[in-house]
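S.K.: Got a structure for you, upload17.txt, holding compact mmCIF, C-alpha atoms.
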# COMPACT_ATOMS: atom_id res chain seq x y z
CA MET A 977 -14.43 -15.03 -33.00
CA LYS A 978 -16.09 -11.67 -32.30
CA GLN A 979 -15.98 -8.96 -34.92
CA PHE A 980 -15.28 -5.39 -33.79
CA TYR A 981 -15.49 -2.01 -35.42
CA SER A 982 -12.59 0.22 -34.41
CA CYS A 983 -13.06 3.96 -34.02
CA ILE A 984 -9.80 5.80 -33.53
CA ASP A 985 -9.37 9.28 -32.05
CA ALA A 986 -9.23 11.93 -34.77
CA LEU A 987 -7.47 14.37 -32.44
CA LEU A 988 -4.52 11.99 -32.48
CA PRO A 989 -3.42 11.80 -28.85
CA ALA A 990 -1.26 9.01 -30.29
CA PRO A 991 -0.28 8.42 -33.93
CA GLN A 992 -2.70 6.28 -35.94
CA PRO A 993 -0.50 3.15 -36.10
CA GLU A 994 -0.15 3.23 -32.31
CA GLN A 995 -3.91 3.59 -31.91
CA HIS A 996 -4.50 0.64 -34.21
CA GLU A 997 -2.03 -1.50 -32.27
CA VAL A 998 -3.62 -0.72 -28.90
CA SER A 999 -7.15 -1.22 -30.27
CA LYS A 1000 -6.14 -4.53 -31.85
CA LYS A 1001 -4.75 -5.70 -28.51
CA LYS A 1002 -8.01 -4.80 -26.77
CA ALA A 1003 -10.04 -6.63 -29.44
CA THR A 1004 -7.91 -9.73 -28.92
CA LYS A 1005 -8.37 -9.50 -25.16
CA GLU A 1006 -12.13 -9.39 -25.70
CA GLY A 1007 -11.99 -12.54 -27.82
CA GLY A 1008 -12.25 -10.93 -31.22
CA GLN A 1009 -10.65 -9.00 -34.03
CA ILE A 1010 -10.98 -5.62 -35.70
CA VAL A 1011 -12.75 -5.98 -39.04
CA PHE A 1012 -13.53 -2.35 -39.94
CA TYR A 1013 -12.24 0.95 -38.76
CA GLY A 1014 -13.05 4.62 -39.04
CA ALA A 1015 -12.87 7.95 -37.26
CA GLU A 1016 -14.95 11.06 -36.76
CA GLU A 1017 -14.22 14.08 -38.94
CA TYR A 1018 -11.82 16.37 -37.08
CA ARG A 1019 -14.24 19.31 -37.10
CA VAL A 1020 -17.11 17.42 -35.45
CA VAL A 1021 -15.32 15.33 -32.83
CA ASP A 1022 -17.29 17.13 -30.12
CA ARG A 1023 -20.58 15.71 -31.47
CA GLN A 1024 -19.46 12.29 -32.84
CA PRO A 1025 -22.07 12.17 -35.63
CA PHE A 1026 -20.38 9.47 -37.72
CA ILE A 1027 -20.11 6.39 -35.55
CA LEU A 1028 -23.74 5.55 -34.67
CA PRO A 1029 -25.13 5.55 -38.26
CA LYS A 1030 -22.02 3.69 -39.38
CA LEU A 1031 -22.57 0.96 -36.80
CA LYS A 1032 -26.23 0.71 -37.75
CA ARG A 1033 -25.41 0.02 -41.37
CA THR A 1034 -22.49 -2.32 -40.74
CA PRO A 1035 -23.79 -5.90 -40.41
CA GLY A 1036 -22.22 -8.72 -38.49
CA ILE A 1037 -20.32 -6.85 -35.81
CA ASP A 1038 -20.39 -7.57 -32.10
CA GLY A 1039 -19.02 -4.34 -30.72
CA VAL A 1040 -16.94 -1.24 -31.19
CA VAL A 1041 -13.46 -0.49 -29.84
CA PHE A 1042 -12.74 3.19 -29.28
CA PHE A 1043 -9.14 4.14 -28.79
CA SER A 1044 -9.92 6.27 -25.73
CA ILE A 1045 -12.72 7.47 -23.50
CA ASP A 1046 -11.48 10.97 -24.42
CA GLN A 1047 -13.52 10.64 -27.62
CA PHE A 1048 -16.65 11.01 -25.46
CA CYS A 1049 -15.24 14.06 -23.65
CA TYR A 1050 -14.61 16.52 -26.48
CA GLY A 1051 -18.06 18.12 -26.28
CA GLU A 1052 -19.45 20.36 -23.55
CA LYS A 1053 -20.91 17.31 -21.80
CA PHE A 1054 -19.84 13.69 -21.55
CA ASN A 1055 -21.57 11.97 -24.51
CA LEU A 1056 -23.47 9.45 -22.43
CA LYS A 1057 -26.38 9.55 -24.85
CA LEU A 1058 -24.26 8.08 -27.65
CA LEU A 1059 -22.81 5.45 -25.36
CA GLY A 1060 -26.34 4.40 -24.41
CA GLU A 1061 -27.47 4.35 -28.04
CA ILE A 1062 -24.61 2.10 -29.14
CA LEU A 1063 -25.25 -0.32 -26.28
CA GLY A 1064 -28.93 -0.13 -27.20
CA LEU A 1065 -28.04 -1.64 -30.59
CA GLY A 1066 -26.87 -4.73 -28.73
CA LEU A 1067 -23.21 -3.93 -29.35
CA SER A 1068 -20.50 -3.94 -26.72
CA VAL A 1069 -18.35 -0.84 -26.26
CA HIS A 1070 -14.66 -1.04 -25.43
CA PHE A 1071 -12.04 1.58 -24.67
CA ALA A 1072 -8.62 0.34 -25.63
CA ARG A 1073 -6.27 2.70 -23.82
CA GLU A 1074 -8.18 2.56 -20.55
CA ASP A 1075 -8.92 -1.19 -20.92
CA ILE A 1076 -12.59 -0.69 -20.01
CA SER A 1077 -15.56 -2.57 -21.49
CA PHE A 1078 -19.32 -2.15 -21.30
CA HIS A 1079 -21.84 -4.74 -22.47
CA ARG A 1080 -25.02 -3.31 -20.95
CA PHE A 1081 -26.09 0.17 -19.96
CA ASP A 1082 -26.48 -0.75 -16.29
CA GLU A 1083 -22.71 -1.38 -16.25
CA VAL A 1084 -22.26 2.20 -17.43
CA SER A 1085 -24.62 3.49 -14.74
CA GLU A 1086 -22.75 1.57 -12.06
CA ASN A 1087 -19.46 3.07 -13.18
CA PHE A 1088 -20.69 6.47 -14.25
CA ILE A 1089 -19.11 8.20 -11.28
CA THR A 1090 -15.64 7.37 -12.52
CA LEU A 1091 -16.51 8.46 -16.06
CA SER A 1092 -17.97 11.71 -14.76
CA ALA A 1093 -14.97 12.38 -12.53
CA TYR A 1094 -12.69 11.65 -15.45
CA PHE A 1095 -14.66 14.01 -17.69
CA HIS A 1096 -14.39 16.85 -15.16
CA ALA A 1097 -10.71 16.13 -14.54
CA PHE A 1098 -10.19 16.08 -18.32
CA LYS A 1099 -11.85 19.46 -18.74
CA ARG A 1100 -10.42 21.16 -15.68
CA SER A 1101 -7.33 23.24 -16.00
CA ARG A 1102 -4.98 22.39 -13.15
CA ARG A 1103 -3.71 25.94 -13.08
CA VAL A 1104 -7.21 27.42 -12.82
CA SER A 1105 -8.12 24.84 -10.21
CA ALA A 1106 -5.03 25.64 -8.14
CA GLU A 1107 -5.79 29.37 -8.39
CA GLU A 1108 -9.33 28.74 -7.21
CA ILE A 1109 -8.11 26.76 -4.21
CA LEU A 1110 -5.55 29.43 -3.37
CA SER A 1111 -8.18 32.16 -3.59
CA VAL A 1112 -10.19 30.34 -0.94
CA LEU A 1113 -7.19 29.74 1.30
CA VAL A 1114 -5.63 33.22 1.15
CA MET B 818 -3.71 3.01 16.99
CA SER B 819 -2.07 5.83 15.05
CA ASN B 820 -2.86 9.52 15.36
CA LEU B 821 -3.80 11.58 12.36
CA ILE B 822 -0.74 12.95 10.65
CA SER B 823 0.05 16.33 9.15
CA LEU B 824 1.35 16.42 5.63
CA ALA B 825 2.24 20.11 5.77
CA LYS B 826 5.90 19.31 5.11
CA GLY B 827 5.02 16.92 2.31
CA PHE B 828 5.77 13.58 3.94
CA SER B 829 5.33 11.64 7.14
CA VAL B 830 6.20 8.21 8.51
CA VAL B 831 3.04 6.65 9.88
CA ASP B 832 2.23 3.51 11.86
CA ALA B 833 -0.39 1.15 10.46
CA ASP B 834 -3.79 1.38 12.15
CA GLU B 835 -3.98 -2.39 12.04
CA PRO B 836 -0.57 -4.10 11.54
CA SER B 837 -2.12 -7.53 10.94
CA HIS B 838 -3.18 -6.39 7.45
CA LEU B 839 0.47 -5.86 6.55
CA GLU B 840 1.60 -9.05 8.25
CA ASN B 841 -0.85 -11.10 6.20
CA LEU B 842 0.12 -9.24 3.04
CA ARG B 843 3.80 -9.94 3.65
CA LYS B 844 3.08 -13.64 4.14
CA GLU B 845 1.22 -13.73 0.82
CA ILE B 846 3.96 -11.83 -1.02
CA PHE B 847 6.66 -14.01 0.47
CA ALA B 848 4.78 -17.17 -0.55
CA LEU B 849 4.61 -15.89 -4.14
CA ALA B 850 8.28 -14.84 -4.06
CA ARG B 851 9.26 -18.30 -2.78
CA GLU B 852 7.42 -19.96 -5.66
CA THR B 853 8.75 -17.54 -8.26
CA PHE B 854 12.39 -17.51 -7.16
CA GLN B 855 12.60 -20.88 -5.35
CA LEU B 856 13.66 -19.14 -2.13
CA PRO B 857 14.96 -21.56 0.50
CA ALA B 858 13.94 -19.60 3.64
CA SER B 859 10.57 -20.23 5.20
CA GLU B 860 10.12 -17.12 7.33
CA PRO B 861 9.06 -13.87 5.56
CA GLU B 862 11.29 -11.34 7.37
CA ALA B 863 14.49 -13.36 7.02
CA GLY B 864 13.55 -14.69 3.59
CA LEU B 865 12.95 -11.26 2.07
CA ASN B 866 15.99 -9.69 3.76
CA SER B 867 18.20 -12.44 2.33
CA PHE B 868 16.56 -12.42 -1.12
CA HIS B 869 19.89 -11.39 -2.71
CA GLN B 870 21.53 -14.63 -1.57
CA ALA B 871 18.94 -16.71 -3.40
CA ILE B 872 19.38 -14.87 -6.71
CA GLN B 873 23.17 -14.81 -6.72
CA GLY B 874 24.51 -15.62 -10.17
CA MET B 875 21.09 -15.43 -11.82
CA PRO B 876 21.37 -13.84 -15.31
CA LEU B 877 19.91 -10.31 -15.34
CA GLY B 878 17.41 -11.17 -18.07
CA GLN B 879 16.01 -14.07 -16.08
CA LEU B 880 15.95 -12.02 -12.87
CA ASN B 881 13.95 -9.28 -14.57
CA LYS B 882 11.55 -11.77 -16.16
CA GLN B 883 10.83 -13.40 -12.81
CA ARG B 884 10.58 -10.03 -11.08
CA ILE B 885 7.89 -8.93 -13.58
CA GLU B 886 6.11 -12.25 -13.12
CA LEU B 887 6.12 -11.71 -9.35
CA ILE B 888 4.75 -8.17 -9.70
CA GLN B 889 1.96 -9.42 -11.96
CA ARG B 890 1.05 -12.17 -9.52
CA ILE B 891 1.10 -9.78 -6.56
CA THR B 892 -1.17 -7.36 -8.43
CA ALA B 893 -3.52 -10.16 -9.46
CA GLU B 894 -3.61 -12.17 -6.25
CA CYS B 895 -2.86 -9.94 -3.26
CA ASN B 896 -5.26 -6.98 -3.58
CA VAL B 897 -2.50 -4.71 -2.34
CA ARG B 898 -4.44 -1.50 -3.00
CA GLU B 899 -7.20 -2.58 -0.60
CA VAL B 900 -4.94 -4.06 2.05
CA VAL B 901 -2.59 -1.07 2.18
CA PHE B 902 -5.57 1.27 2.27
CA LYS B 903 -7.09 -0.63 5.20
CA ALA B 904 -3.77 -0.60 7.02
CA PHE B 905 -3.55 3.22 6.81
CA GLU B 906 -7.22 4.00 6.30
CA LYS B 907 -7.65 6.65 8.98
CA ASN B 908 -4.86 8.81 7.67
CA LEU B 909 -5.67 8.26 4.00
CA ARG B 910 -9.29 9.24 4.54
CA HIS B 911 -8.14 12.19 6.65
CA LEU B 912 -5.82 13.36 3.86
CA LEU B 913 -7.89 12.54 0.78
CA GLY B 914 -11.55 12.56 1.79
CA PRO B 915 -14.24 9.91 1.29
CA ASP B 916 -14.08 9.40 -2.49
CA ILE B 917 -10.85 7.64 -3.25
CA LEU B 918 -9.19 6.18 -6.31
CA ALA B 919 -6.34 3.70 -6.00
CA GLN B 920 -3.67 2.82 -8.52
CA LYS B 921 -4.63 -0.28 -10.50
CA ASN B 922 -1.19 -1.87 -10.43
CA THR B 923 1.16 -2.20 -7.51
CA ASN B 924 4.84 -1.41 -7.81
CA LEU B 925 7.24 -3.78 -6.11
CA VAL B 926 10.86 -2.78 -5.61
CA LEU B 927 13.50 -5.43 -4.95
CA GLN B 928 16.78 -3.71 -4.24
CA PRO B 929 19.56 -6.15 -3.35
CA PRO B 930 22.81 -4.88 -1.80
CA GLY B 931 25.03 -3.31 -4.44
CA ASP B 932 22.27 -3.12 -7.07
CA PRO B 933 23.66 -0.45 -9.42
CA ASN B 934 20.18 0.73 -10.43
CA PRO B 935 18.56 2.52 -7.51
CA SER B 936 15.63 4.86 -8.09
CA GLU B 937 17.11 8.07 -9.48
CA LEU B 938 16.30 11.48 -8.05
CA HIS B 939 12.83 12.52 -9.21
CA ARG B 940 9.40 13.68 -8.18
CA ASP B 941 6.15 12.10 -9.36
CA ALA B 942 4.23 15.32 -10.06
CA PRO B 943 4.22 16.60 -12.66
CA ALA B 944 3.36 14.47 -14.71
CA ASN B 945 1.29 12.67 -12.03
CA SER B 946 -1.42 14.70 -10.34
CA PRO B 947 -0.10 17.06 -7.66
CA TYR B 948 -3.20 16.08 -5.67
CA GLU B 949 -2.06 12.48 -5.34
CA LEU B 950 -0.32 10.66 -2.47
CA VAL B 951 2.30 7.95 -2.63
CA VAL B 952 2.22 5.28 0.05
CA TRP B 953 5.62 3.61 0.29
CA VAL B 954 5.33 0.41 2.28
CA PRO B 955 8.46 -1.57 3.20
CA MET B 956 8.05 -5.31 3.64
CA VAL B 957 11.24 -5.36 5.75
CA ASN B 958 12.76 -2.80 8.10
CA CYS B 959 14.40 -0.09 5.98
CA TYR B 960 17.18 2.16 7.23
CA GLY B 961 20.30 3.89 5.89
CA THR B 962 20.91 3.21 2.21
CA LYS B 963 18.31 0.45 2.30
CA ALA B 964 15.66 3.18 2.76
CA MET B 965 14.85 6.09 0.45
CA TYR B 966 15.80 9.74 0.74
CA ILE B 967 13.26 12.53 0.43
CA LEU B 968 13.05 16.31 0.56
CA ASP B 969 10.22 18.19 2.22
CA VAL B 970 8.29 20.78 0.19
CA ASP B 971 10.45 23.74 1.29
CA ASN B 972 13.69 21.98 0.43
CA THR B 973 12.23 20.73 -2.85
CA GLU B 974 11.57 24.39 -3.70
CA LYS B 975 15.16 25.28 -2.75
CA ALA B 976 16.46 22.48 -4.95
CA PHE B 977 14.47 23.68 -7.95
CA ALA B 978 15.62 27.25 -7.32
CA TYR B 979 19.16 25.89 -7.72
CA LEU B 980 18.19 24.17 -10.97
CA ASP B 981 16.50 27.33 -12.25
CA ALA B 982 19.70 29.26 -11.56
CA ASN B 983 21.92 26.50 -12.97
CA PRO B 984 19.83 24.80 -15.66
CA ASN B 985 22.77 22.94 -17.20
CA ASP B 986 24.25 21.66 -13.97
CA TRP B 987 22.40 18.42 -13.26
CA ASP B 988 25.31 16.98 -11.26
CA GLY B 989 25.40 20.07 -9.04
CA PHE B 990 21.62 19.93 -8.68
CA GLU B 991 21.78 16.30 -7.63
CA LYS B 992 24.55 16.97 -5.11
CA PHE B 993 22.76 20.02 -3.69
CA THR B 994 19.45 18.15 -3.55
CA LYS B 995 20.93 15.21 -1.66
CA SER B 996 22.50 17.64 0.84
CA LEU B 997 18.97 18.86 1.63
CA SER B 998 17.45 15.39 1.91
CA VAL B 999 16.66 13.18 4.86
CA THR B 1000 16.50 9.38 4.94
CA PRO B 1001 13.87 8.38 7.44
CA ALA B 1002 14.01 4.85 8.78
CA VAL B 1003 10.74 3.12 7.96
CA ASN B 1004 10.08 -0.18 9.68
CA PHE B 1005 7.82 -2.98 8.60
CA GLY B 1006 4.40 -2.02 9.96
CA GLN B 1007 4.89 1.60 8.93
CA ALA B 1008 4.61 3.56 5.69
CA LEU B 1009 6.17 6.68 4.31
CA ILE B 1010 3.27 8.72 2.95
CA PHE B 1011 4.33 11.54 0.70
CA TYR B 1012 2.98 14.17 -1.61
CA THR B 1013 3.87 13.61 -5.27
CA GLY B 1014 5.62 17.00 -5.51
CA CYS B 1015 8.44 16.00 -3.13
CA LEU B 1016 11.80 15.12 -4.65
CA HIS B 1017 12.97 11.66 -3.65
CA GLY B 1018 15.12 8.72 -4.69
CA SER B 1019 17.38 6.03 -3.34
CA GLU B 1020 21.10 5.31 -3.16
CA ILE B 1021 22.86 2.07 -4.01
CA ASN B 1022 21.92 -0.25 -1.17
CA ALA B 1023 25.10 -0.60 0.90
CA GLU B 1024 23.47 -2.56 3.72
CA ASN B 1025 23.67 -6.35 3.96
CA GLU B 1026 19.98 -6.93 3.36
CA THR B 1027 17.66 -6.62 0.38
CA ARG B 1028 15.12 -3.84 0.37
CA VAL B 1029 11.66 -5.15 -0.54
CA SER B 1030 9.05 -2.43 -0.73
CA LEU B 1031 5.72 -1.66 -2.32
CA ASN B 1032 4.52 1.68 -3.53
CA ILE B 1033 1.02 2.60 -4.50
CA ARG B 1034 -0.79 5.86 -5.23
CA TYR B 1035 -4.13 7.16 -4.01
CA LYS B 1036 -6.05 10.28 -4.97
CA ASN B 1037 -9.42 11.86 -4.48
CA LEU B 1038 -11.86 10.95 -7.24
CA PHE B 1039 -12.62 14.60 -7.97
CA SER B 1040 -9.18 16.18 -7.64
CA PRO B 1041 -7.51 17.38 -10.83
CA SER B 1042 -5.69 14.64 -12.68
CA GLY B 1043 -2.15 14.80 -13.92
CA LEU B 1044 -1.02 14.09 -17.45
CA LYS B 1045 -1.47 10.40 -16.76
CA ASN B 1046 -4.90 9.23 -17.86
CA GLN B 1047 -6.92 8.84 -14.66
CA LEU B 1048 -9.07 5.97 -15.97
CA GLN B 1049 -6.02 4.11 -17.21
CA PHE B 1050 -4.00 4.47 -14.04
CA PHE B 1051 -6.62 4.39 -11.26
CA SER B 1052 -9.87 2.71 -10.35
CA PRO B 1053 -12.34 3.48 -7.53
CA LEU B 1054 -11.69 2.16 -4.06
CA ARG B 1055 -14.20 4.06 -1.91
CA ILE B 1056 -17.19 6.08 -3.10
CA SER B 1057 -19.39 8.08 -0.74
CA ASP B 1058 -23.18 7.87 -0.87
CA VAL B 1059 -23.37 11.53 -1.85
CA ALA B 1060 -21.06 11.06 -4.80
CA ARG B 1061 -22.90 7.92 -5.91
CA LEU B 1062 -26.30 9.63 -5.76
CA GLY B 1063 -24.96 12.70 -7.51
CA SER B 1064 -23.51 10.64 -10.33
CA LEU B 1065 -26.77 8.75 -10.85
CA LEU B 1066 -28.66 12.02 -11.15
CA GLU B 1067 -26.05 13.41 -13.52
CA ALA B 1068 -26.25 10.26 -15.66
CA ARG B 1069 -30.04 10.55 -15.91
CA GLU B 1070 -29.79 14.19 -16.94
CA LEU B 1071 -27.20 13.46 -19.61
CA GLN B 1072 -29.43 10.85 -21.26
CA ARG B 1073 -32.34 13.25 -21.71
Would you write the structure of this file as C-alpha cells?

M.R.:
Amino acid sequence: MKQFYSCIDALLPAPQPEQHEVSKKKATKEGGQIVFYGAEEYRVVDRQPFILPKLKRTPGIDGVVFFSIDQFCYGEKFNLKLLGEILGLGLSVHFAREDISFHRFDEVSENFITLSAYFHAFKRSRRVSAEEILSVLV
Amino acid sequence: MSNLISLAKGFSVVDADEPSHLENLRKEIFALARETFQLPASEPEAGLNSFHQAIQGMPLGQLNKQRIELIQRITAECNVREVVFKAFEKNLRHLLGPDILAQKNTNLVLQPPGDPNPSELHRDAPANSPYELVVWVPMVNCYGTKAMYILDVDNTEKAFAYLDANPNDWDGFEKFTKSLSVTPAVNFGQALIFYTGCLHGSEINAENETRVSLNIRYKNLFSPSGLKNQLQFFSPLRISDVARLGSLLEARELQR
C-alpha cells in the first residue's frame, strides 16, 4: 500500500476534519493511505516554504495529497516551481478536492492550461471583470 | 443544419446540427436504463416515455439507488459532454469561443407523471459562473408540464425587483415569477440552451409520459468562475492552438 503525506490548506476553505476526510478518500482512491500530515504556517501560505523540506526529510513516502489546488494559488503566481520540485523528488502529487493527480512533470505541462486558467479565475474578481467588460461595451 | 442563435434574451431552443449524435446517445442511455431498471420496452422513445409504468410500486429508496447507479453509468460510459457538444457544436462555439470547458458529470432527470419533487424555482448563477451556459437536452419530446419553465433576462430582473421589494414574500415571488415565465416545447433532437442567470424550474408533471432529460454545463476556459471550484466541476473539452502555445510559454516562465 502506498504511503502519502497529507498537506491541508491552512486558510481553511473547509474545516480541518473535513479536509482530512477528503484527503483520506483521495489517498484510498490512489491505492494508499495517509501516514503523516502537516500544513503551511498561515502567514507564509503564499510561498509554501514548509512542504518541500518536510518531504525531503520524510522517508518512505510515495506522494503527497494536498487538500486543494488553491494552496498553489495564494502567491502572486501559480507555484509551478514547487510542483515541479516535488515531482522531481520522485513523489506523486494529488489534489483531493479536485480529484487530480500528477506523477510526472510532463503530465503537469500537458494540463497546465487548465491550472493556469483556474489560477486566473481564482484571482480575478468577478465584479471587476464585469466592470471591465461593460466599459468596453458602453 | 441549424442557424446560429442569439442568446440576447437569455435562452433559445435550438435544433441539433447533427441529430444522429443524439439518436445514438439515446439508444445508449436507453440500453443502460433497460439493464438498470429491467424495462420491458425495446424501443427508446416509447420505453423512456413509459418509464413510470416500469417503476410502479418500487420503493423510493430503491428507485433513488438505481437512478444514481444509472447516472453514474451514463457519465462513465456515454461521454455525454462530448456527444452533446458535437450535436450543438456550431452554436456552442459561436456563444463560448474556441476554448471550452465541459462539466465533468452529467445530470439526468427522470420525472414521472405526478412526481411530487419537480425542480424548484431557481437560477444557477450565482453561485455558478454567470459566464456559463446550460444545455438542457430532452431524450423524449417535452411539452406542457413535462417541459420546464424559464424566464428571459428582462423578466428575471422584474422577478428579483419584486423580491427586493417584498423580501419576506417567497410565495408571492414564486407566483409572480411563474406569471412571467414561458414553457417552450423542446422536442427530442433539440436543446434549450440558457444562460445561468435565468430563473427556471419545473412543475409537477401532469402529462401521461415520463420526462427524461439531460443537462450539462459549458463555459469558456478563461471566463470568470463562479463560487464552484472550476477544476472540480469542469474539465477541458476543446483547447485552441493559441491557448495551448500560450500556456506552454507561461509554464516555462514560471519554472525559471

S.K.: Compute the set of chain B residues within 7 Å of chain A, using only C-alpha atoms, and express it as a tab-separated table (two decimals) with C-alpha atoms, keeping the file's coordinate frame.

M.R.:
chain	number	residue	atom	x	y	z
B	1038	LEU	CA	-11.86	10.95	-7.24
B	1039	PHE	CA	-12.62	14.60	-7.97
B	1041	PRO	CA	-7.51	17.38	-10.83
B	1042	SER	CA	-5.69	14.64	-12.68
B	1047	GLN	CA	-6.92	8.84	-14.66
B	1048	LEU	CA	-9.07	5.97	-15.97
B	1049	GLN	CA	-6.02	4.11	-17.21
B	1061	ARG	CA	-22.90	7.92	-5.91
B	1064	SER	CA	-23.51	10.64	-10.33
B	1065	LEU	CA	-26.77	8.75	-10.85
B	1068	ALA	CA	-26.25	10.26	-15.66
B	1071	LEU	CA	-27.20	13.46	-19.61
B	1072	GLN	CA	-29.43	10.85	-21.26

S.K.: What is the distance, in Å and to one decimal place, between atom CA of Ile1010 of chain A and atom CA of Phe1078 of chain A?

M.R.: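 According to the coordinates, atom CA of Ile1010 of chain A and atom CA of Phe1078 of chain A are separated by 17.0 Å.
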
S.K.: Taking (-16.3, 12.8, -28.2) in the coordinates of the supplied file, I want to know which residues reach to within 9 Å of it, counting all atoms listed in the file; could you give the answer as a compact mmCIF listing (two decimals) with C-alpha atoms, keeping the file's coordinate frame?

M.R.:
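Okay, selection.txt is ready:
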# COMPACT_ATOMS: atom_id res chain seq x y z
CA ASP A 985 -9.37 9.28 -32.05
CA GLU A 1016 -14.95 11.06 -36.76
CA VAL A 1020 -17.11 17.42 -35.45
CA VAL A 1021 -15.32 15.33 -32.83
CA ASP A 1022 -17.29 17.13 -30.12
CA ARG A 1023 -20.58 15.71 -31.47
CA GLN A 1024 -19.46 12.29 -32.84
CA ILE A 1045 -12.72 7.47 -23.50
CA ASP A 1046 -11.48 10.97 -24.42
CA GLN A 1047 -13.52 10.64 -27.62
CA PHE A 1048 -16.65 11.01 -25.46
CA CYS A 1049 -15.24 14.06 -23.65
CA TYR A 1050 -14.61 16.52 -26.48
CA GLY A 1051 -18.06 18.12 -26.28
CA PHE A 1054 -19.84 13.69 -21.55
CA ASN A 1055 -21.57 11.97 -24.51

S.K.: If I take atom CA of Phe990 of chain B and atom CA of Ala942 of chain B, how far is one from the other in Å, to one decimal?

M.R.: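 Those two atoms sit 18.0 Å apart.
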
S.K.: One decimal, in Å: what's the spacing between atom CA of Phe868 of chain B and atom CA of Asn1004 of chain B?

M.R.: 17.6 Å

S.K.: I'd like the contact shell of Lys992 of chain B - 12 Å cut-off, all atoms listed in the file, skipping same-chain residues fewer than 4 positions apart - returned as a PyMOL selection string.

M.R.: chain B and resi 938+976+979-980+986-988+996-998

S.K.: May I have the residues within 9 Å of segment 929-932 of chain B as a PyMOL selection string, using only C-alpha atoms and disregarding those fewer than 4 positions away in the same chain?

M.R.: chain B and resi 866-870+963+1021-1029

S.K.: I want to know what sits within 9 Å of Ser1077 of chain A, based on all atoms listed in the file, with residues of the same chain fewer than 3 positions away left out; could you give that as a list in words?

M.R.: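 In the requested format, the answer is Glu1006, Val1041, Ser1068, Val1069, His1070, Phe1071, Ala1072 and Glu1083 of chain A.
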
S.K.: May I have the residues within 8 Å of Phe1026 of chain A as an MDAnalysis selection string, using all atoms listed in the file and disregarding those fewer than 4 positions away in the same chain?

M.R.: chainID A and resid 1015:1017 1030

S.K.: Show me, as a count of residues only, the residues that have an atom within 8 Å of Asn908 of chain B when counting all atoms listed in the file, minus same-chain residues fewer than 3 positions from it.

M.R.: 6
